[in-house]
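Okay, so here's the structure we're looking at.
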Amino acid sequence: MPELGRLRAVYAAKFRAEIALQFAYRGSLVIWLLGLLIQPIVYLVVWTTVARSQGGAVGGFRAGDFAAYFTMLMIVNQLTFTWHFLEFEWRIRNGFFSPLLLRPIHPAHNDVAENLTFKLLTFTVVVPVAVFLLISFGATFETQAWQVAAFVPALVLAMALRFTFEWTLALAAFWITRTGALNQAYFVAMLFFSGQVAPLALMPAVVQAIATLLPFRWMVSFPVETALGRLGPTEVLVGYGAQLAWIAAAVILLRVVWRAGIRRYSAVGA
Amino acid sequence: MRSLGLVWLSLRLGVLNALQYRVDFFIQLFQSVIGLGTALAAIAVVFSQTDELGGWTRDELVALVGVFFLVGGLVNVVIRPSMERLMEGVRLGTLDFTLTKPADAQILVSTRQVDVWRLVDVVLGSVVIVIAITRLGERVGVEHATAFGLVLIAGMAIIYSFLLVLATLAFWLVRLENILVIFATMYEAGRWPVGLYPPWLRLALTVVVPVAFAITVPVETLVGRLEPATLVTTVVLAVVFLVGSRWFWKFGLRHYTGASA
Amino acid sequence: MTAASIRVTDLRKTYQVPEREGGLRAAAGSIFRRSTKSVPAVAGITFDVSPGEIVGFLGPNGAGKTTTLKMLSGLLYPTSGEATALGHVPWRRETDFLRRMTLIMGQRNQLAWDIPVIDSFELNRAIYGVSRAEYNVRLDELVELLDVGDLVRKPVRNLSLGERMKCEIAGSLLHRPEMLFLDEPTIGLDVTMQRRIRSFIAEYNARTGATTLLTSHYMGDVEALCRRVIVIHHGSLLYDGDLTGLVERFAPRKTISIDLEPDQPALEPGVLAGLAGGPDAVVQHGAERVTLRVPRSETAAVTTRLLGRVAVRDLVVEEPPIDEVIDLVFAAGPSDAAERAETAAAQPVA
């Protein structure tokens with residue numbers, strides 16, 4: 001199929017360009033690495049302190065479990081996060097969107113390719129950081145072999161879901177001139193319902209119930225829980241189902257919003 | 001005193017400019033309230049599982065959140081935007097215009113840009129501190145409150161000096177546009193008492209990026225847990241930082257003149 | 001000739017622009033209530049462009065040139081009207097159309113800022129699905145024509161404005177588009193660079209037969225490239241035809257410059273005025289040089305009268321500079337300009 005071949009070529013070219021770009025910004029990457037290291041440590045340290053003060057464990061999590069949880073959370077976050085919804089407003093306002101629109105290829109491909117290459121490149125840095133955290137905070141795992149295998153599809157589905165969802169969110173910039181407030185509201189929801197502040201198991205029952213119904217858990221927390229060996233086979237299968245259902249919903253939403261957004265963009269002026 | 005007048009004029013101009021964009025106020029209010037709510041909710045989640053965190057009670061942590069917002073707000077109102085503008089000036093060469101003005105360049109660049117709506121954070125932070133103080137009750141005496149004010153000012157001076165040093169590095173590292181992110185990242189860690197962190201990170205938060213002096217230390221003063229020695233150290237350190245950063249700024253300036261010639 | 005490659009019928013675009021009064025109260029009120037007004041940017045224009053033509057769009061700022069160009073390149077939906085380009089409705093942005101055209105804007109760059117130019121080219125190669133062999137041939141050709149050989153390995157940020165524009169153009173033509181939309185391609189460039197880019201566009205058009213639509217503030221671009229111009233003013237079509245026709249229509253007078261033989265009796269002002277067809281026609285009256293501005297239709301008669309009366313060493317008949325003509329067109333509104341041109345042409349010759 002020639003179309004598929006062209007896509008592969010686009011991704012390959014984008015990958016090379018992105019490497020050159022990241023090389024030009026290697027200083028900035030080091031600073032970014034600092035943030036990568038600090039973020040998981042904050043809540044890891046808080047919860048380790050809580051566990052110690054409660055006689056070694058809280059809600060079934062010991063200090064070593066927290067180390068494992070927040071390190072895996074960092075890895076999953078790192079692989080699933082996207083930044084395009086933070087850039088879209090700027091992109092549209094400065095006219096960087098129009099050229100993308102005139103290419104004979106959907107603009108989402110540009111961002112998917114950018115995202116994947118950035119992830120591939122930075123993963124080489126994430127791994128040593130993760131190893132450092134796991135060792136220095138004495139992480140413990142109770143993961144079985146099948147759960148390690150189950151983690152991979154959970155992660156891939158989480159990446160697809162989060163990208164589709166956040167790219168749809170980004171399209172809000174077609175209607176709203178300043179998306180900062182909307183994005184922050186999204187961040188907060190993400191913070192509490194995807195297990196960033198604390199493992200969902202430690203959250204109040206109400207929050208846990210809501211988290212199951214919302215997409216956020218399936219973007220981040222679910223793969224982490226799988227990697228920590230905290231889910232049984234049934235729960236993992238249900239999780240896959242939830243992820244697939246949400247991906248389907250997000251894709252439909254994306255198509256609807258994209259069509260309306262482009263019509264609006266083309267109507268008000270590029 | 002001429003310098004103070006200059007600072008005032010600069011700030012006034014920034015305020016007038018911001019008043020043109022009132023929608024920004026509502027957006028900022030929304031974002032600040034959400035940010036504060038998030039911080040308090042996080043404390044609630046933690047304290048649903050425990051009664052104290054590394055020797056800190058819930059109300060003490062609420063006070064910490066208040067100071068985190070107050071100091072963060074002050075930094076974001078004038079220091080950070082001005083430093084960003086300074087770095088842009090170095091990158092684009094527009095700093096020339098500032099340097100040719102007959103006034104102290106450090107004061108000019110430090111007050112160039114005002115993000116006035118960030119005062120919302122300052123107000124919210126202050127309200128939270130007052131609430132925390134009332135809940136802490138008689139543990140907060142007049143002498144504690146005075147010392148708190150003193151340490152807070154010293155802490156601000158330290159943070160200002162640190163940011164000035166980071167921004168001055170732009171004279172050499174022109175392409176490192178996100179260098180101030182170092183501060184923002186480390187500041188986030190200041191949401192919680194620095195005593196919780198492992199020794200290497202605690203050291204970094206105290207000596208390398210002195211966030212501890214601006215958040216943890218003032219709150220410890222407020223709740224009367226601070227040793228007099230630490231108080232003296234903080235004030236001395238503030239003076240050292242101010243003098244040192246000024247020297248470094250002047251040193252960097254020489255480099256700028258050399259580079260553009 | 002085959003069918004038109006661009007066909008535009010009664011194309012209109014109206015923007016809704018928020019309207020706000022000054023003052024704090026109005027500013028606060030506008031947070032909740034927003035009143036808008038309609039601003040017609042393009043108010044119904046119709047024209048065809050044949051394959052291979054280079055057409056210049058002229059008009060002052062805000063005339064609707066860029067809006068038209070954006071509609072034809074597919075970035076904007078029109079409010080009403082129809083258009084086809086290369087057989088496609090542009091704003092549907094069908095892949096086949098996008099692959100065969102390109103839009104180059106002088107004030108925007110599409111090449112990635114921080115990486116070498118050649119990496120952006122590679123990306124375009126992949127996006128437009130150009131085969132490696134074709135790519136190499138075209139790249140060599142473009143590099144040679146635009147003289148960008150040693151530039152393509154540098155990051156864009158290290159290039160001068162002119163160098164960047166040349167690379168921008170090269171990158172936009174790697175897929176050999178059959179249709180070019182150029183929005184102010186020479187803006188901000190020095191005269192040498194402008195000339196260079198002009199001759200390149202002419203060369204590309206000659207080699208590939210690509211239909212080219214160009215807007216520019218520089219008359220030099222239009223004079224050098226476009227035999228046909230379309231003048232838009234306040235969103236309406238003011239003129240569509242060849243460049244000489246534009247001059248004839250809007251500048252109804254020609255300039256006659258005469259160098260006189262020195263050894264002859266001085267010409268009386270009254271006599272000269274009589275020869276020229278009125279005192280107004282005399283621009284300059286010196287001992288050795290006379291300049292007249294006369295209606296186009298009278299040029300031959302005046303010249304004959306002069307030659308019969310005085311000894312002439314040299315005589316030149318010129319069109320006014322095109323810049324002046326354009327000024328004349330835009331100085332007035334659409335109907336105005338045409339009217340004034342007609343009255344000027346109809347002025348009686350005494």
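Here, A, B, ... name the chains of the structure tokens in the order displayed, residue numbers run from 1 inside each chain, and ligands are numbered from 1 in the same displayed order.
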Show me a table, sorted first by chain and then by increasing residue number, of the residues of region 84-201 of chain A having an atom at most 10 Å from region 37-42 of chain B, each with its shortest atom pair and the distance in Å to one decimal, counting only C-alpha atoms and written as CSV.
```
residue,atom,partner,partner_atom,distance
A:Val188,CA,B:Thr38,CA,6.9
A:Ala189,CA,B:Thr38,CA,9.6
A:Leu191,CA,B:Thr38,CA,8.7
A:Phe192,CA,B:Ala42,CA,8.5
A:Val197,CA,B:Ala42,CA,6.7
A:Ala198,CA,B:Ala42,CA,8.6
```
(request) Would you give me, as number ranges by chain, the residues of chain A that come within 9 Å of chain B, using only C-alpha atoms? (result) A: 25, 27-28, 31-32, 34-35, 38-39, 41-42, 45-47, 49-51, 53-54, 58-59, 178, 180-181, 184-185, 188, 191-192, 197-198, 202-204
Just-selected residues, C-alpha atoms written as a PDB file, in the first residue's frame:
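Listed below is the output, selection-v5.pdb:
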```
ATOM      1  CA  TYR A  25      18.481  21.793  22.670  1.00  0.00           C
ATOM      2  CA  GLY A  27      21.101  21.994  27.474  1.00  0.00           C
ATOM      3  CA  SER A  28      17.361  22.389  27.852  1.00  0.00           C
ATOM      4  CA  ILE A  31      17.034  20.975  32.820  1.00  0.00           C
ATOM      5  CA  TRP A  32      13.988  18.977  31.785  1.00  0.00           C
ATOM      6  CA  LEU A  34      15.894  17.617  36.619  1.00  0.00           C
ATOM      7  CA  GLY A  35      12.118  18.036  36.646  1.00  0.00           C
ATOM      8  CA  ILE A  38      12.188  15.700  41.242  1.00  0.00           C
ATOM      9  CA  GLN A  39       8.503  15.155  40.439  1.00  0.00           C
ATOM     10  CA  ILE A  41      10.347  12.083  44.550  1.00  0.00           C
ATOM     11  CA  VAL A  42       7.990  14.646  46.103  1.00  0.00           C
ATOM     12  CA  VAL A  45       8.810  11.002  50.047  1.00  0.00           C
ATOM     13  CA  VAL A  46       5.510  12.228  51.479  1.00  0.00           C
ATOM     14  CA  TRP A  47       3.914   8.771  51.346  1.00  0.00           C
ATOM     15  CA  THR A  49       6.935   9.306  55.628  1.00  0.00           C
ATOM     16  CA  VAL A  50       3.253   8.513  56.174  1.00  0.00           C
ATOM     17  CA  ALA A  51       3.908   4.772  55.925  1.00  0.00           C
ATOM     18  CA  SER A  53       4.556   7.001  60.941  1.00  0.00           C
ATOM     19  CA  GLN A  54       1.762   4.415  60.600  1.00  0.00           C
ATOM     20  CA  VAL A  58      -0.562   2.421  54.948  1.00  0.00           C
ATOM     21  CA  GLY A  59      -3.452   0.950  52.995  1.00  0.00           C
ATOM     22  CA  ARG A 178      -6.869  31.440  25.985  1.00  0.00           C
ATOM     23  CA  GLY A 180      -4.766  28.077  30.080  1.00  0.00           C
ATOM     24  CA  ALA A 181      -7.706  27.757  32.460  1.00  0.00           C
ATOM     25  CA  GLN A 184      -5.342  23.598  34.274  1.00  0.00           C
ATOM     26  CA  ALA A 185      -8.733  22.118  35.072  1.00  0.00           C
ATOM     27  CA  VAL A 188      -6.224  18.854  38.293  1.00  0.00           C
ATOM     28  CA  LEU A 191      -3.751  14.751  39.298  1.00  0.00           C
ATOM     29  CA  PHE A 192      -6.444  13.194  41.489  1.00  0.00           C
ATOM     30  CA  VAL A 197      -1.135  12.459  44.217  1.00  0.00           C
ATOM     31  CA  ALA A 198      -1.535   9.033  45.741  1.00  0.00           C
ATOM     32  CA  LEU A 202      -5.469   5.258  49.179  1.00  0.00           C
ATOM     33  CA  MET A 203      -8.073   7.717  47.916  1.00  0.00           C
ATOM     34  CA  PRO A 204     -11.516   8.053  49.501  1.00  0.00           C
TER      35      PRO A 204
END
```
(request) With a distance cut-off of 9 Å and only C-alpha atoms, select the neighbouring residues of Ala13 (chain A), excluding the residue or stretch itself and same-chain residues fewer than 5 positions from it, and output the selection as a PyMOL selection string. (result) (chain A and resi 8+18) or (chain C and resi 119-120+122-127)
Those same residues, written as a JSON list (two decimals), in the first residue's frame with N, CA and C atoms?
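Writing the result to again_19.json gives the following:
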```json
[["chain", "number", "residue", "atom", "x", "y", "z"],
["A", 8, "ARG", "N", 5.27, 5.72, 6.67],
["A", 8, "ARG", "CA", 6.49, 5.24, 7.31],
["A", 8, "ARG", "C", 7.64, 6.19, 7.00],
["A", 18, "GLU", "N", 13.82, 15.31, 14.41],
["A", 18, "GLU", "CA", 13.64, 15.51, 15.85],
["A", 18, "GLU", "C", 14.94, 15.25, 16.61],
["C", 119, "ASP", "N", 17.29, 18.80, 6.56],
["C", 119, "ASP", "CA", 16.42, 17.89, 7.32],
["C", 119, "ASP", "C", 14.95, 18.21, 7.09],
["C", 120, "SER", "N", 14.63, 19.50, 7.00],
["C", 120, "SER", "CA", 13.25, 19.88, 6.69],
["C", 120, "SER", "C", 12.89, 19.44, 5.28],
["C", 122, "GLU", "N", 14.06, 16.84, 3.73],
["C", 122, "GLU", "CA", 13.83, 15.38, 3.79],
["C", 122, "GLU", "C", 12.42, 15.08, 4.26],
["C", 123, "LEU", "N", 11.99, 15.86, 5.24],
["C", 123, "LEU", "CA", 10.64, 15.66, 5.77],
["C", 123, "LEU", "C", 9.60, 15.94, 4.69],
["C", 124, "ASN", "N", 9.81, 17.04, 3.95],
["C", 124, "ASN", "CA", 8.88, 17.35, 2.86],
["C", 124, "ASN", "C", 8.88, 16.26, 1.80],
["C", 125, "ARG", "N", 10.05, 15.72, 1.53],
["C", 125, "ARG", "CA", 10.14, 14.64, 0.57],
["C", 125, "ARG", "C", 9.21, 13.50, 0.98],
["C", 126, "ALA", "N", 9.27, 13.17, 2.27],
["C", 126, "ALA", "CA", 8.44, 12.06, 2.77],
["C", 126, "ALA", "C", 6.96, 12.43, 2.72],
["C", 127, "ILE", "N", 6.65, 13.65, 3.13],
["C", 127, "ILE", "CA", 5.24, 14.05, 3.19],
["C", 127, "ILE", "C", 4.61, 14.05, 1.80]]
```
(message) With 9 Å as the limit and counting only C-alpha atoms, what residues in chain B lie close to chain C? Please list them as a ChimeraX atom specification.
(response) /B:19-23
Dump N, CA and C atoms for the selected residues as a compact mmCIF listing (two decimals), in the first residue's frame?
```txt
# COMPACT_ATOMS: atom_id res chain seq x y z
N LEU B 19 -4.37 46.52 33.55
CA LEU B 19 -5.77 46.87 33.68
C LEU B 19 -6.49 46.86 32.35
N GLN B 20 -5.71 46.92 31.27
CA GLN B 20 -6.30 46.85 29.94
C GLN B 20 -6.89 45.46 29.67
N TYR B 21 -6.36 44.49 30.37
CA TYR B 21 -6.76 43.11 30.05
C TYR B 21 -7.45 42.49 31.26
N ARG B 22 -8.69 42.86 31.47
CA ARG B 22 -9.36 42.42 32.68
C ARG B 22 -9.75 40.96 32.64
N VAL B 23 -9.97 40.45 31.44
CA VAL B 23 -10.35 39.04 31.35
C VAL B 23 -9.27 38.20 32.02
```
(request) Pull out every residue of chain C sitting within 10 Å of chain A, counting only C-alpha atoms, and send them as an MDAnalysis selection string. (result) chainID C and resid 13:17 67 70:71 73:79 91 93:105 108:130 155
(request) Do a neighbour search on Gly195 (chain A) at 12 Å with only C-alpha atoms, toss out local chain neighbours closer than 2 positions, and write the hits as a VMD selection string. (result) (chain A and resid 40 43 66 69 to 70 72 to 74 76 to 77 188 to 193 197 to 203 207 to 208 211 to 212 216 to 225) or (chain B and resid 42 45)
(request) Please return as a PyMOL selection string: the residues of region 88-156 of chain C that backbone DSSP assigns to alpha helix (DSSP H). (result) chain C and resi 95-100+117-127+132-146
(message) Show me, as a ChimeraX atom specification, the residues that have an atom within 6 Å of region 148-153 of chain A when counting only C-alpha atoms, minus same-chain residues fewer than 2 positions from it.
(response) /A:145-146,155-157,223,226-227
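With only C-alpha atoms as the atoms that count, the minimum distance from Phe61 (chain A) to the choices A:Leu228, A:Ile135, A:Leu182, A:Leu120 is reached by A:Leu228.
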(request) Choose the residue, out of C:Leu86, C:Leu180, C:Gly62, C:Phe57, that has the smallest atom-to-atom separation from Ala3 (chain C); count only C-alpha atoms. (result)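 Ranked by minimum distance to Ala3 (chain C), first place goes to C:Leu86.
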(request) May I ask for the distance between CA of Val206 (chain A) and CA of Val128 (chain B), given in Å to one decimal place? (result)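 So the two atoms, CA of Val206 (chain A) and CA of Val128 (chain B), lie 26.7 Å apart.
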(request) Enter the distance from CA of Leu6 (chain B) to CA of Ile159 (chain B), in Å, rounded to one decimal. (result)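 Computed distance, CA of Leu6 (chain B) to CA of Ile159 (chain B), equals 21.6 Å.
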(request) Could you please determine the separation between CA of Leu139 (chain C) and CA of Val55 (chain C) in Å, to one decimal place? (result) 26.2 Å
(message) At a cut-off of 9 Å, using only C-alpha atoms, what residues contact Val131 (chain A)? Leave out same-chain residues fewer than 5 positions from it and give the result as a list in words.
(response) Thr71, Val126 and Ser136 of chain A
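Using only C-alpha atoms, the protein and nucleic acid residues lying no more than 10 Å from region 231-235 of chain B, apart from those fewer than 5 places from it along its own chain, are Ala147, Phe148, Leu150, Val151, Leu152, Ile153, Ala154, Gly155, Ala157, Ile158, Phe213, Ala214, Val217, Pro218, Thr221, Leu226, Val240 and Phe241 of chain B.
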Saved selection, atoms kept: C-alpha atoms, as a PDB file, in the first residue's frame:
```
ATOM      1  CA  ALA B 147      10.422  36.977  63.306  1.00  0.00           C
ATOM      2  CA  PHE B 148       8.246  35.374  60.592  1.00  0.00           C
ATOM      3  CA  LEU B 150      11.811  39.188  59.047  1.00  0.00           C
ATOM      4  CA  VAL B 151      12.638  35.690  57.797  1.00  0.00           C
ATOM      5  CA  LEU B 152      10.118  36.026  54.977  1.00  0.00           C
ATOM      6  CA  ILE B 153      11.826  39.188  53.738  1.00  0.00           C
ATOM      7  CA  ALA B 154      15.219  37.526  54.033  1.00  0.00           C
ATOM      8  CA  GLY B 155      13.896  34.503  52.163  1.00  0.00           C
ATOM      9  CA  ALA B 157      15.920  38.441  49.115  1.00  0.00           C
ATOM     10  CA  ILE B 158      17.639  35.070  48.793  1.00  0.00           C
ATOM     11  CA  PHE B 213      14.769  29.575  53.239  1.00  0.00           C
ATOM     12  CA  ALA B 214      11.747  31.056  51.559  1.00  0.00           C
ATOM     13  CA  VAL B 217      12.100  28.285  57.411  1.00  0.00           C
ATOM     14  CA  PRO B 218       9.492  31.089  57.659  1.00  0.00           C
ATOM     15  CA  THR B 221       9.535  30.537  62.625  1.00  0.00           C
ATOM     16  CA  LEU B 226      13.009  27.700  64.744  1.00  0.00           C
ATOM     17  CA  VAL B 240      25.570  37.518  51.361  1.00  0.00           C
ATOM     18  CA  PHE B 241      23.243  36.503  48.525  1.00  0.00           C
TER      19      PHE B 241
END
```
